[in-house]
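File shown here: query_14.txt, holding compact mmCIF, C-alpha atoms and all ligand atoms.
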# COMPACT_ATOMS: atom_id res chain seq x y z
CA MET A 21 -10.68 26.46 57.10
CA ILE A 22 -12.90 23.35 56.78
CA ALA A 23 -15.14 25.20 54.32
CA LEU A 24 -12.04 26.11 52.27
CA LEU A 25 -10.88 22.48 52.21
CA VAL A 26 -14.35 21.33 51.10
CA LYS A 27 -14.43 23.97 48.37
CA TRP A 28 -11.01 22.98 47.04
CA ARG A 29 -11.35 19.24 47.61
CA VAL A 30 -11.27 18.25 43.92
CA PRO A 31 -8.07 20.16 42.99
CA LEU A 32 -6.49 19.04 46.30
CA VAL A 33 -7.22 15.37 45.57
CA ILE A 34 -5.86 15.74 42.01
CA LEU A 35 -2.74 17.47 43.33
CA THR A 36 -2.16 14.78 45.96
CA ILE A 37 -2.55 12.00 43.36
CA ALA A 38 -0.17 13.84 40.99
CA ILE A 39 2.44 14.17 43.74
CA ILE A 40 2.13 10.48 44.68
CA ILE A 41 2.41 9.35 41.02
CA THR A 42 5.44 11.61 40.48
CA MET A 43 7.16 10.27 43.58
CA LEU A 44 6.45 6.64 42.70
CA SER A 45 7.68 7.07 39.13
CA MET A 46 10.94 8.72 40.20
CA ASP A 47 14.03 6.63 39.58
CA THR A 48 16.50 6.15 42.35
CA PHE A 49 20.20 6.76 42.01
CA ASP A 50 22.27 3.62 41.56
CA PRO A 51 25.88 4.55 42.43
CA GLU A 52 27.07 1.32 40.77
CA SER A 53 25.98 2.71 37.40
CA ILE A 54 28.76 5.32 37.55
CA LYS A 55 31.54 2.71 37.42
CA GLY A 56 33.67 3.02 34.30
CA LYS A 57 31.76 6.08 33.01
CA ARG A 58 33.83 8.66 31.12
CA VAL A 59 33.45 12.07 32.69
CA LEU A 60 34.75 15.43 31.49
CA ILE A 61 34.67 18.14 34.19
CA THR A 62 35.53 21.81 33.67
CA GLY A 63 36.76 23.85 36.62
CA GLY A 64 37.76 20.55 38.20
CA SER A 65 40.70 21.90 40.19
CA SER A 66 38.83 23.52 43.07
CA GLY A 67 35.51 24.03 44.85
CA ILE A 68 32.42 22.29 43.49
CA GLY A 69 34.13 20.94 40.35
CA GLU A 70 36.85 19.28 42.41
CA ALA A 71 34.21 17.78 44.75
CA VAL A 72 32.20 16.49 41.76
CA ALA A 73 35.38 14.87 40.43
CA TYR A 74 35.99 13.15 43.78
CA LYS A 75 32.40 11.93 43.90
CA PHE A 76 32.63 10.39 40.43
CA CYS A 77 36.05 8.88 41.21
CA SER A 78 34.96 7.34 44.49
CA LEU A 79 32.33 5.52 42.40
CA GLY A 80 34.93 4.22 39.93
CA ALA A 81 34.53 6.64 37.00
CA LYS A 82 37.19 7.79 34.54
CA VAL A 83 37.74 11.53 34.65
CA LEU A 84 39.40 14.23 32.63
CA LEU A 85 39.70 17.50 34.54
CA THR A 86 40.44 20.93 33.20
CA ALA A 87 41.13 24.42 34.58
CA ARG A 88 43.99 26.86 34.01
CA GLY A 89 46.28 26.16 36.96
CA GLU A 90 48.33 22.99 36.49
CA ALA A 91 49.51 22.52 40.10
CA ARG A 92 45.99 22.24 41.53
CA LEU A 93 44.89 19.99 38.67
CA GLN A 94 47.81 17.67 39.40
CA GLU A 95 46.84 17.50 43.08
CA ALA A 96 43.18 16.85 42.23
CA VAL A 97 44.07 14.05 39.80
CA LYS A 98 46.33 12.47 42.42
CA GLN A 99 43.41 12.48 44.87
CA CYS A 100 41.04 11.08 42.20
CA ARG A 101 43.34 8.07 41.79
CA ILE A 102 43.53 7.54 45.55
CA LEU A 103 39.72 7.63 45.75
CA GLY A 104 39.37 4.83 43.20
CA ALA A 105 39.11 6.39 39.75
CA GLU A 106 39.41 3.87 36.95
CA ALA A 107 41.49 6.54 35.20
CA ALA A 108 42.19 10.21 35.94
CA TYR A 109 43.84 12.81 33.72
CA TYR A 110 44.03 16.56 33.44
CA LEU A 111 44.55 19.11 30.71
CA PRO A 112 45.31 22.73 31.68
CA LEU A 113 43.35 25.06 29.39
CA ASP A 114 41.97 28.57 29.51
CA MET A 115 38.29 28.58 28.50
CA ALA A 116 38.63 32.21 27.39
CA ILE A 117 40.42 30.90 24.28
CA PRO A 118 37.80 29.61 21.81
CA ASN A 119 39.89 26.80 20.26
CA ASN A 120 40.48 25.27 23.68
CA THR A 121 36.92 24.01 23.92
CA ARG A 122 37.42 21.83 20.82
CA LYS A 123 40.84 20.73 22.13
CA LEU A 124 39.27 19.55 25.37
CA VAL A 125 36.58 17.45 23.73
CA ASP A 126 39.18 15.93 21.36
CA GLU A 127 41.39 15.05 24.32
CA ALA A 128 38.51 13.27 26.08
CA GLU A 129 37.83 11.25 22.93
CA ARG A 130 41.50 10.43 22.52
CA ARG A 131 41.86 9.33 26.15
CA PHE A 132 38.56 7.49 26.61
CA GLY A 133 37.15 6.87 23.13
CA GLY A 134 33.97 8.75 24.10
CA ILE A 135 32.24 10.80 26.79
CA ASP A 136 29.33 9.80 29.04
CA TYR A 137 29.07 12.93 31.21
CA LEU A 138 30.03 16.49 30.33
CA VAL A 139 30.01 18.55 33.54
CA LEU A 140 30.11 22.28 32.78
CA ASN A 141 31.16 23.98 35.97
CA HIS A 142 34.05 26.43 35.54
CA VAL A 143 33.55 30.10 36.32
CA ILE A 144 35.86 33.09 36.22
CA PRO A 145 37.00 34.33 39.64
CA TYR A 146 34.09 35.96 41.53
CA LYS A 147 33.98 39.72 41.99
CA PHE A 148 31.47 41.10 44.51
CA GLU A 149 31.16 44.70 43.33
CA PHE A 150 28.52 47.10 42.14
CA TRP A 151 28.36 47.38 38.35
CA GLU A 152 30.54 50.37 37.40
CA GLY A 153 30.64 49.85 33.66
CA ASP A 154 33.62 47.52 33.14
CA LEU A 155 32.59 46.26 29.71
CA GLU A 156 35.80 44.31 29.22
CA TYR A 157 35.00 42.31 32.37
CA LEU A 158 31.44 41.69 31.14
CA ASP A 159 32.81 40.43 27.84
CA ARG A 160 35.27 38.08 29.57
CA THR A 161 32.54 36.83 31.91
CA MET A 162 30.18 36.02 29.03
CA THR A 163 32.97 34.35 27.04
CA VAL A 164 34.22 32.11 29.83
CA ASN A 165 31.05 31.50 31.86
CA PHE A 166 28.62 31.20 28.95
CA ALA A 167 30.09 30.99 25.41
CA ALA A 168 32.60 28.30 26.44
CA TYR A 169 29.76 26.19 27.91
CA VAL A 170 27.87 26.46 24.62
CA ALA A 171 30.95 25.61 22.56
CA LEU A 172 31.79 22.60 24.74
CA ALA A 173 28.23 21.30 24.56
CA THR A 174 28.20 21.82 20.79
CA PHE A 175 31.45 19.93 20.16
CA ALA A 176 30.63 17.21 22.67
CA THR A 177 27.03 16.53 21.57
CA PRO A 178 27.85 14.17 18.65
CA VAL A 179 30.20 12.27 20.97
CA LEU A 180 27.63 12.18 23.78
CA HIS A 181 24.91 11.08 21.35
CA ARG A 182 26.86 7.89 20.59
CA SER A 183 26.88 6.96 24.27
CA LYS A 184 23.40 8.36 25.10
CA GLY A 185 25.25 10.71 27.39
CA ARG A 186 24.48 13.57 29.72
CA ILE A 187 25.25 17.25 29.91
CA VAL A 188 25.26 18.51 33.50
CA VAL A 189 25.34 22.29 33.85
CA VAL A 190 26.29 23.89 37.16
CA SER A 191 24.25 27.07 37.31
CA SER A 192 23.21 29.30 40.16
CA LEU A 193 20.30 30.87 41.97
CA SER A 194 21.59 34.16 40.54
CA GLY A 195 20.70 32.78 37.11
CA LYS A 196 17.05 32.71 38.20
CA VAL A 197 16.86 35.67 40.55
CA PRO A 198 19.02 38.72 39.79
CA LEU A 199 21.33 39.49 42.67
CA PRO A 200 23.17 42.78 43.32
CA ARG A 201 27.00 43.04 43.19
CA VAL A 202 27.23 40.16 40.71
CA ALA A 203 25.43 41.67 37.72
CA ALA A 204 27.80 40.26 35.07
CA TYR A 205 27.95 36.84 36.74
CA SER A 206 24.16 36.84 37.13
CA ALA A 207 23.75 37.71 33.43
CA SER A 208 26.02 34.82 32.41
CA LYS A 209 23.99 32.40 34.54
CA PHE A 210 20.65 33.69 33.13
CA ALA A 211 22.13 33.08 29.66
CA ILE A 212 23.13 29.55 30.63
CA ASN A 213 19.67 28.73 31.98
CA GLY A 214 18.01 30.06 28.83
CA PHE A 215 20.33 28.31 26.41
CA PHE A 216 20.47 24.92 28.07
CA GLY A 217 16.74 24.92 28.88
CA ALA A 218 16.12 25.34 25.14
CA LEU A 219 18.82 22.84 24.14
CA ARG A 220 17.23 20.13 26.29
CA GLN A 221 13.97 20.48 24.37
CA GLU A 222 15.67 20.70 20.98
CA ASN A 223 17.64 17.51 21.66
CA LYS A 224 14.37 15.72 22.34
CA MET A 225 12.69 17.16 19.23
CA LYS A 226 15.67 16.19 17.04
CA GLY A 227 15.94 12.70 18.51
CA ILE A 228 19.34 13.43 20.04
CA ASP A 229 19.69 11.15 23.02
CA VAL A 230 21.60 13.54 25.25
CA SER A 231 19.98 14.78 28.46
CA VAL A 232 20.57 18.24 29.87
CA THR A 233 20.43 18.78 33.63
CA LEU A 234 20.51 22.30 35.04
CA CYS A 235 21.72 22.58 38.63
CA ILE A 236 20.42 25.72 40.33
CA ILE A 237 22.79 26.04 43.23
CA GLY A 238 22.56 28.33 46.26
CA PRO A 239 25.54 29.51 48.31
CA VAL A 240 28.17 26.79 48.74
CA ALA A 241 31.14 27.09 51.09
CA THR A 242 33.91 27.02 48.50
CA GLU A 243 37.14 28.86 49.21
CA SER A 244 36.63 31.34 46.40
CA ALA A 245 32.96 32.12 47.19
CA LEU A 246 33.73 32.67 50.87
CA THR A 247 36.74 34.88 50.18
CA SER A 248 35.14 37.04 47.51
CA SER A 249 31.88 37.60 49.40
CA ALA A 250 33.51 38.26 52.78
CA GLY A 251 32.14 41.47 54.28
CA PHE A 252 29.09 41.49 51.97
CA VAL A 253 27.29 38.25 52.64
CA ASP A 254 26.78 36.66 56.03
CA LYS A 255 28.96 33.58 55.88
CA ARG A 256 26.41 31.60 57.94
CA ILE A 257 24.31 31.26 54.78
CA PHE A 258 27.16 29.25 53.21
CA PHE A 259 26.15 26.19 55.17
CA THR A 260 26.12 23.83 52.20
CA SER A 261 29.34 21.94 51.60
CA SER A 262 30.94 21.26 48.22
CA SER A 263 30.75 17.57 48.94
CA ASP A 264 26.97 17.47 49.58
CA THR A 265 26.39 19.69 46.56
CA ALA A 266 28.55 17.41 44.42
CA TYR A 267 26.50 14.37 45.43
CA LYS A 268 23.31 16.11 44.33
CA ILE A 269 24.89 17.14 41.02
CA VAL A 270 26.07 13.59 40.26
CA GLU A 271 22.70 12.12 41.26
CA ALA A 272 20.73 14.64 39.17
CA GLY A 273 22.89 14.04 36.10
CA ASN A 274 22.70 10.28 36.51
CA LEU A 275 18.91 10.34 36.74
CA ARG A 276 18.66 12.82 33.84
CA TRP A 277 16.62 15.27 35.92
CA ARG A 278 15.72 18.46 34.07
CA GLU A 279 16.58 20.81 36.88
CA ILE A 280 17.54 20.65 40.53
CA HIS A 281 17.43 23.36 43.16
CA TYR A 282 19.97 22.84 45.91
CA PRO A 283 19.74 23.44 48.78
CA LYS A 284 15.96 23.52 48.42
CA SER A 285 15.56 25.62 51.58
CA LEU A 286 17.42 28.54 50.02
CA THR A 287 16.60 28.25 46.33
CA ILE A 288 12.96 27.22 45.83
CA LEU A 289 11.24 30.13 47.57
CA PRO A 290 13.15 32.98 45.86
CA VAL A 291 12.48 31.37 42.47
CA LEU A 292 8.76 31.01 43.22
CA LEU A 293 8.49 34.56 44.55
CA ARG A 294 10.57 36.17 41.81
CA ASP A 295 7.62 36.91 39.56
CA ILE A 296 4.76 37.16 42.02
CA ALA A 297 6.43 39.24 44.72
CA PRO A 298 9.69 40.67 43.33
CA TRP A 299 9.62 43.44 45.94
CA PHE A 300 10.02 40.76 48.60
CA THR A 301 13.11 39.13 47.03
CA GLU A 302 14.60 42.59 46.47
CA TRP A 303 13.93 43.51 50.10
CA CYS A 304 15.70 40.29 51.20
CA THR A 305 18.78 40.99 49.09
CA SER A 306 18.86 44.59 50.29
CA LEU A 307 19.50 43.21 53.77
CA SER A 308 23.06 42.38 52.70
CA ARG A 309 25.35 45.23 53.61
CA ALA A 310 25.34 48.37 51.46
CA ALA A 311 29.11 48.66 51.48
CA LYS A 312 32.04 46.39 52.23
CA THR A 313 33.01 46.53 55.90
N1 LIG A 401 30.24 28.56 45.48
C1 LIG A 401 29.02 29.01 45.41
O1 LIG A 401 28.50 29.63 46.36
C2 LIG A 401 28.21 28.79 44.17
C3 LIG A 401 26.84 29.10 44.21
C4 LIG A 401 26.08 28.88 43.06
C5 LIG A 401 26.66 28.36 41.93
N2 LIG A 401 27.99 28.09 41.92
C6 LIG A 401 28.55 27.60 40.66
O2 LIG A 401 29.36 26.47 40.91
C7 LIG A 401 30.43 26.44 39.96
C8 LIG A 401 31.75 26.29 40.71
O3 LIG A 401 31.87 27.33 41.66
P1 LIG A 401 33.03 27.29 42.77
O4 LIG A 401 32.57 28.17 43.87
O5 LIG A 401 33.40 25.89 43.02
O6 LIG A 401 34.20 28.03 41.97
P2 LIG A 401 35.80 27.98 42.16
O7 LIG A 401 36.17 27.22 43.38
O8 LIG A 401 36.27 29.38 42.02
O9 LIG A 401 36.27 27.13 40.92
C9 LIG A 401 36.28 27.68 39.64
C10 LIG A 401 37.01 26.72 38.72
O10 LIG A 401 37.01 27.27 37.40
C11 LIG A 401 38.37 27.33 36.92
N3 LIG A 401 38.50 28.49 36.02
C12 LIG A 401 38.43 29.81 36.32
N4 LIG A 401 38.64 30.55 35.22
C13 LIG A 401 38.86 29.69 34.20
C14 LIG A 401 39.16 29.86 32.83
N5 LIG A 401 39.31 31.05 32.25
N6 LIG A 401 39.34 28.73 32.07
C15 LIG A 401 39.22 27.51 32.61
N7 LIG A 401 38.94 27.29 33.91
C16 LIG A 401 38.76 28.36 34.70
C17 LIG A 401 39.21 27.48 38.20
O11 LIG A 401 40.56 27.07 38.03
P3 LIG A 401 41.72 28.06 37.48
O12 LIG A 401 41.53 29.35 38.20
O13 LIG A 401 42.99 27.37 37.78
O14 LIG A 401 41.47 28.19 36.03
C18 LIG A 401 38.47 26.51 39.11
O15 LIG A 401 38.85 25.18 38.84
C19 LIG A 401 30.31 27.72 39.15
O16 LIG A 401 29.67 27.47 37.92
C20 LIG A 401 29.47 28.62 40.02
O17 LIG A 401 28.76 29.56 39.27
C21 LIG A 401 28.77 28.29 43.00

Show me this structure written as structure tokens.
Amino acid sequence: MIALLVKWRVPLVILTIAIIITMLSMDTFDPESIKGKRVLITGGSSGIGEAVAYKFCSLGAKVLLTARGEARLQEAVKQCRILGAEAAYYLPLDMAIPNNTRKLVDEAERRFGGIDYLVLNHVIPYKFEFWEGDLEYLDRTMTVNFAAYVALATFATPVLHRSKGRIVVVSSLSGKVPLPRVAAYSASKFAINGFFGALRQENKMKGIDVSVTLCIIGPVATESALTSSAGFVDKRIFFTSSSDTAYKIVEAGNLRWREIHYPKSLTILPVLLRDIAPWFTEWCTSLSRAAKT
């Protein structure tokens, strides 16, 4: 062991110095800086999107929420105002309809005169099933979960550029590591990671002052995730709450981090092992039940 440490002393010292420099140069989140910021959140009526809206509102932001169902949006906006939002509005829209993405960005401009944060979070209802060839479902998944994100980012970028704004993308571990029973969902999240990872670099190269933060999220105890995975996935792994996840998402966007993995304990290792020991990640996922019980 000692001999190994002596042999690797130079790289170890360099690594330690690099870690210390990185930690010292990291900004810290100033919640005050959220006050008055104009935030557009998709899928803001439930789960993580709703929790992100509450986090922004408790820090005094202005929010515009969207989803399809009006009743839940109304309730969420009511709660946003109670929590201290400077302003809170909603617009019910279906992201499967291409023109609605433009409508949403226009509405944010009309309401707030600009956008500081675009939080892309909506997702079509989860289906935990083996892939049986439902191409129509795949098409809908890619349209809503992926193409709508791209369209929203495209229409919002000139607006965000004026305010040196931020795009915050809620992605998933299944966009880094393919997971069974969610093949279409996993494909849409891989597409998101690829597109927005490239967009971040292109913005920099083109001098567009809009940051892109990818949030690689593990299992979160939202109503829809728990219900749809019941019988397939041990619900004890859903120990992360929407509220804690939302805090991380707001912090990461605020600090313009490239990518976050949350919770680290469940997301970092599978991503690291994906390419060097794929048999291990596949063995882990095979531990989930073979059929719904
Ligand atoms: N929960 C998890 O375990 C987990 C893990 C990793 C990543 N994530 C990611 O976190 C994000 C939120 O997940 P969640 O669990 O909070 O989901 P959720 O509770 O099911 O919320 C989905 C939101 O999207 C809206 N939506 C669905 N279809 C839509 C459509 N066609 N047009 C517009 N809005 C639509 C829903 O409202 P309406 O139905 O009223 O439209 C709802 O507001 C997703 O991007 C997901 O991939 C979640």

Mind dumping a table of every chain A residue within 8 Å of ligand LIG 401 (chain A), with the nearest atom pair and its distance in Å to one decimal, using only C-alpha atoms and all ligand atoms, sorted by chain and rising number, as CSV?
residue,atom,partner,partner_atom,distance
A:Thr62,CA,A:LIG401,N7,6.5
A:Gly63,CA,A:LIG401,O15,3.3
A:Gly64,CA,A:LIG401,O15,4.8
A:Ser65,CA,A:LIG401,O15,4.0
A:Ser66,CA,A:LIG401,O15,4.5
A:Gly67,CA,A:LIG401,O5,3.4
A:Ile68,CA,A:LIG401,O5,3.8
A:Gly69,CA,A:LIG401,O5,5.7
A:Glu70,CA,A:LIG401,O15,7.2
A:Thr86,CA,A:LIG401,N7,6.6
A:Ala87,CA,A:LIG401,N7,3.7
A:Arg88,CA,A:LIG401,O14,3.5
A:Gly89,CA,A:LIG401,O13,3.6
A:Glu90,CA,A:LIG401,O13,7.0
A:Arg92,CA,A:LIG401,O13,7.0
A:Leu93,CA,A:LIG401,O13,7.7
A:Pro112,CA,A:LIG401,C15,7.8
A:Leu113,CA,A:LIG401,C15,5.8
A:Asp114,CA,A:LIG401,N6,3.7
A:Met115,CA,A:LIG401,N6,3.7
A:Ala116,CA,A:LIG401,N5,5.0
A:Leu140,CA,A:LIG401,O16,7.3
A:Asn141,CA,A:LIG401,O16,4.3
A:His142,CA,A:LIG401,O10,3.6
A:Val143,CA,A:LIG401,O10,4.6
A:Ile144,CA,A:LIG401,N4,3.9
A:Pro145,CA,A:LIG401,O8,5.5
A:Tyr146,CA,A:LIG401,O8,6.9
A:Val164,CA,A:LIG401,N5,5.7
A:Asn165,CA,A:LIG401,O16,7.4
A:Val189,CA,A:LIG401,O16,7.9
A:Val190,CA,A:LIG401,O16,5.0
A:Ser191,CA,A:LIG401,C5,5.4
A:Ser192,CA,A:LIG401,C5,4.0
A:Leu193,CA,A:LIG401,C4,6.2
A:Ser194,CA,A:LIG401,C4,7.4
A:Tyr205,CA,A:LIG401,O17,7.7
A:Lys209,CA,A:LIG401,O17,7.3
A:Ile236,CA,A:LIG401,C5,7.0
A:Ile237,CA,A:LIG401,C4,4.3
A:Gly238,CA,A:LIG401,C4,4.8
A:Pro239,CA,A:LIG401,O1,3.5
A:Val240,CA,A:LIG401,O1,3.7
A:Ala241,CA,A:LIG401,N1,5.9
A:Thr242,CA,A:LIG401,O4,5.0
A:Glu243,CA,A:LIG401,O7,6.1
A:Ser244,CA,A:LIG401,O8,4.8
A:Ala245,CA,A:LIG401,N1,4.8
A:Leu246,CA,A:LIG401,O1,7.5
A:Phe258,CA,A:LIG401,O1,7.0
A:Ser262,CA,A:LIG401,O5,7.4

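A straight line drawn from atom CA of A:Gly251 to atom CA of A:Ala204 is 19.7 Å long.
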
Name all residues at most 9 Å from stretch 147-159 of chain A (count all atoms listed in the file; drop same-chain ones fewer than 6 positions away) and give them as an NGL selection string.
-> :A and (200-205 or 207-208 or 248-250 or 252)

Could I get the residues of stretch 129-207 of chain A with an atom no further than 10 Å from an atom of stretch 290-301 of chain A, each paired with its nearest atom pair and that distance in Å to one decimal, using all atoms listed in the file, sorted by chain and residue number, as JSON lines?
{"residue": "A:Leu193", "atom": "CA", "partner": "A:Val291", "partner_atom": "CA", "distance": 7.9}
{"residue": "A:Ser194", "atom": "CA", "partner": "A:Val291", "partner_atom": "CA", "distance": 9.7}
{"residue": "A:Gly195", "atom": "CA", "partner": "A:Val291", "partner_atom": "CA", "distance": 9.9}
{"residue": "A:Lys196", "atom": "CA", "partner": "A:Val291", "partner_atom": "CA", "distance": 6.4}
{"residue": "A:Val197", "atom": "CA", "partner": "A:Val291", "partner_atom": "CA", "distance": 6.4}
{"residue": "A:Pro198", "atom": "CA", "partner": "A:Arg294", "partner_atom": "CA", "distance": 9.1}
{"residue": "A:Leu199", "atom": "CA", "partner": "A:Thr301", "partner_atom": "CA", "distance": 9.3}

Place a sphere of radius 12 Å on (16.0, 19.6, 24.9) in the file coordinates and name every protein, DNA or RNA residue with an atom inside or on its surface, counting all atoms listed in the file; give the answer as a compact mmCIF listing (two decimals) with C-alpha atoms, keeping the file's coordinate frame.
# COMPACT_ATOMS: atom_id res chain seq x y z
CA THR A 177 27.03 16.53 21.57
CA ARG A 186 24.48 13.57 29.72
CA ILE A 187 25.25 17.25 29.91
CA GLY A 214 18.01 30.06 28.83
CA PHE A 215 20.33 28.31 26.41
CA PHE A 216 20.47 24.92 28.07
CA GLY A 217 16.74 24.92 28.88
CA ALA A 218 16.12 25.34 25.14
CA LEU A 219 18.82 22.84 24.14
CA ARG A 220 17.23 20.13 26.29
CA GLN A 221 13.97 20.48 24.37
CA GLU A 222 15.67 20.70 20.98
CA ASN A 223 17.64 17.51 21.66
CA LYS A 224 14.37 15.72 22.34
CA MET A 225 12.69 17.16 19.23
CA LYS A 226 15.67 16.19 17.04
CA GLY A 227 15.94 12.70 18.51
CA ILE A 228 19.34 13.43 20.04
CA ASP A 229 19.69 11.15 23.02
CA VAL A 230 21.60 13.54 25.25
CA SER A 231 19.98 14.78 28.46
CA VAL A 232 20.57 18.24 29.87
CA THR A 233 20.43 18.78 33.63
CA LEU A 234 20.51 22.30 35.04
CA ARG A 276 18.66 12.82 33.84
CA TRP A 277 16.62 15.27 35.92
CA ARG A 278 15.72 18.46 34.07

Skip A:Phe175 itself and residues of its chain fewer than 3 positions away, then list as a PyMOL selection string all residues within 7 Å of it, counting all atoms listed in the file.
-> chain A and resi 122+125+171-172+178

Among listed residues A:Ser206, A:Thr287, A:Asn274, A:Thr305, nearest A:Phe49 (using all atoms listed in the file) =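 With all atoms listed in the file as the atom set, the closest residue is A:Asn274.
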
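Picture a line from atom CA of A:Lys55 to atom CA of A:Leu79; it runs 5.8 Å.
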
Mind pulling up the distance from atom CA of A:Thr36 to atom CA of A:Cys235?
->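 Going from atom CA of A:Cys235 over to atom CA of A:Thr36, I get 26.2 Å.
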
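Proximity of A:Lys57, A:Lys123, A:Arg130, A:Lys82 to A:Tyr109, computed with all atoms listed in the file, is greatest for A:Lys82.
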
Contacts of stretch 265-270 of chain A at 6 Å or less, counting all atoms listed in the file, minus same-chain residues fewer than 2 places along, as a PyMOL selection string?
-> chain A and resi 71-72+262-263+272-273

For A:Gly134, work out the shell of residues within 7 Å, counting only C-alpha atoms and skipping chain neighbours fewer than 3 positions away, then give it as a ChimeraX atom specification.
-> /A:128-129,179
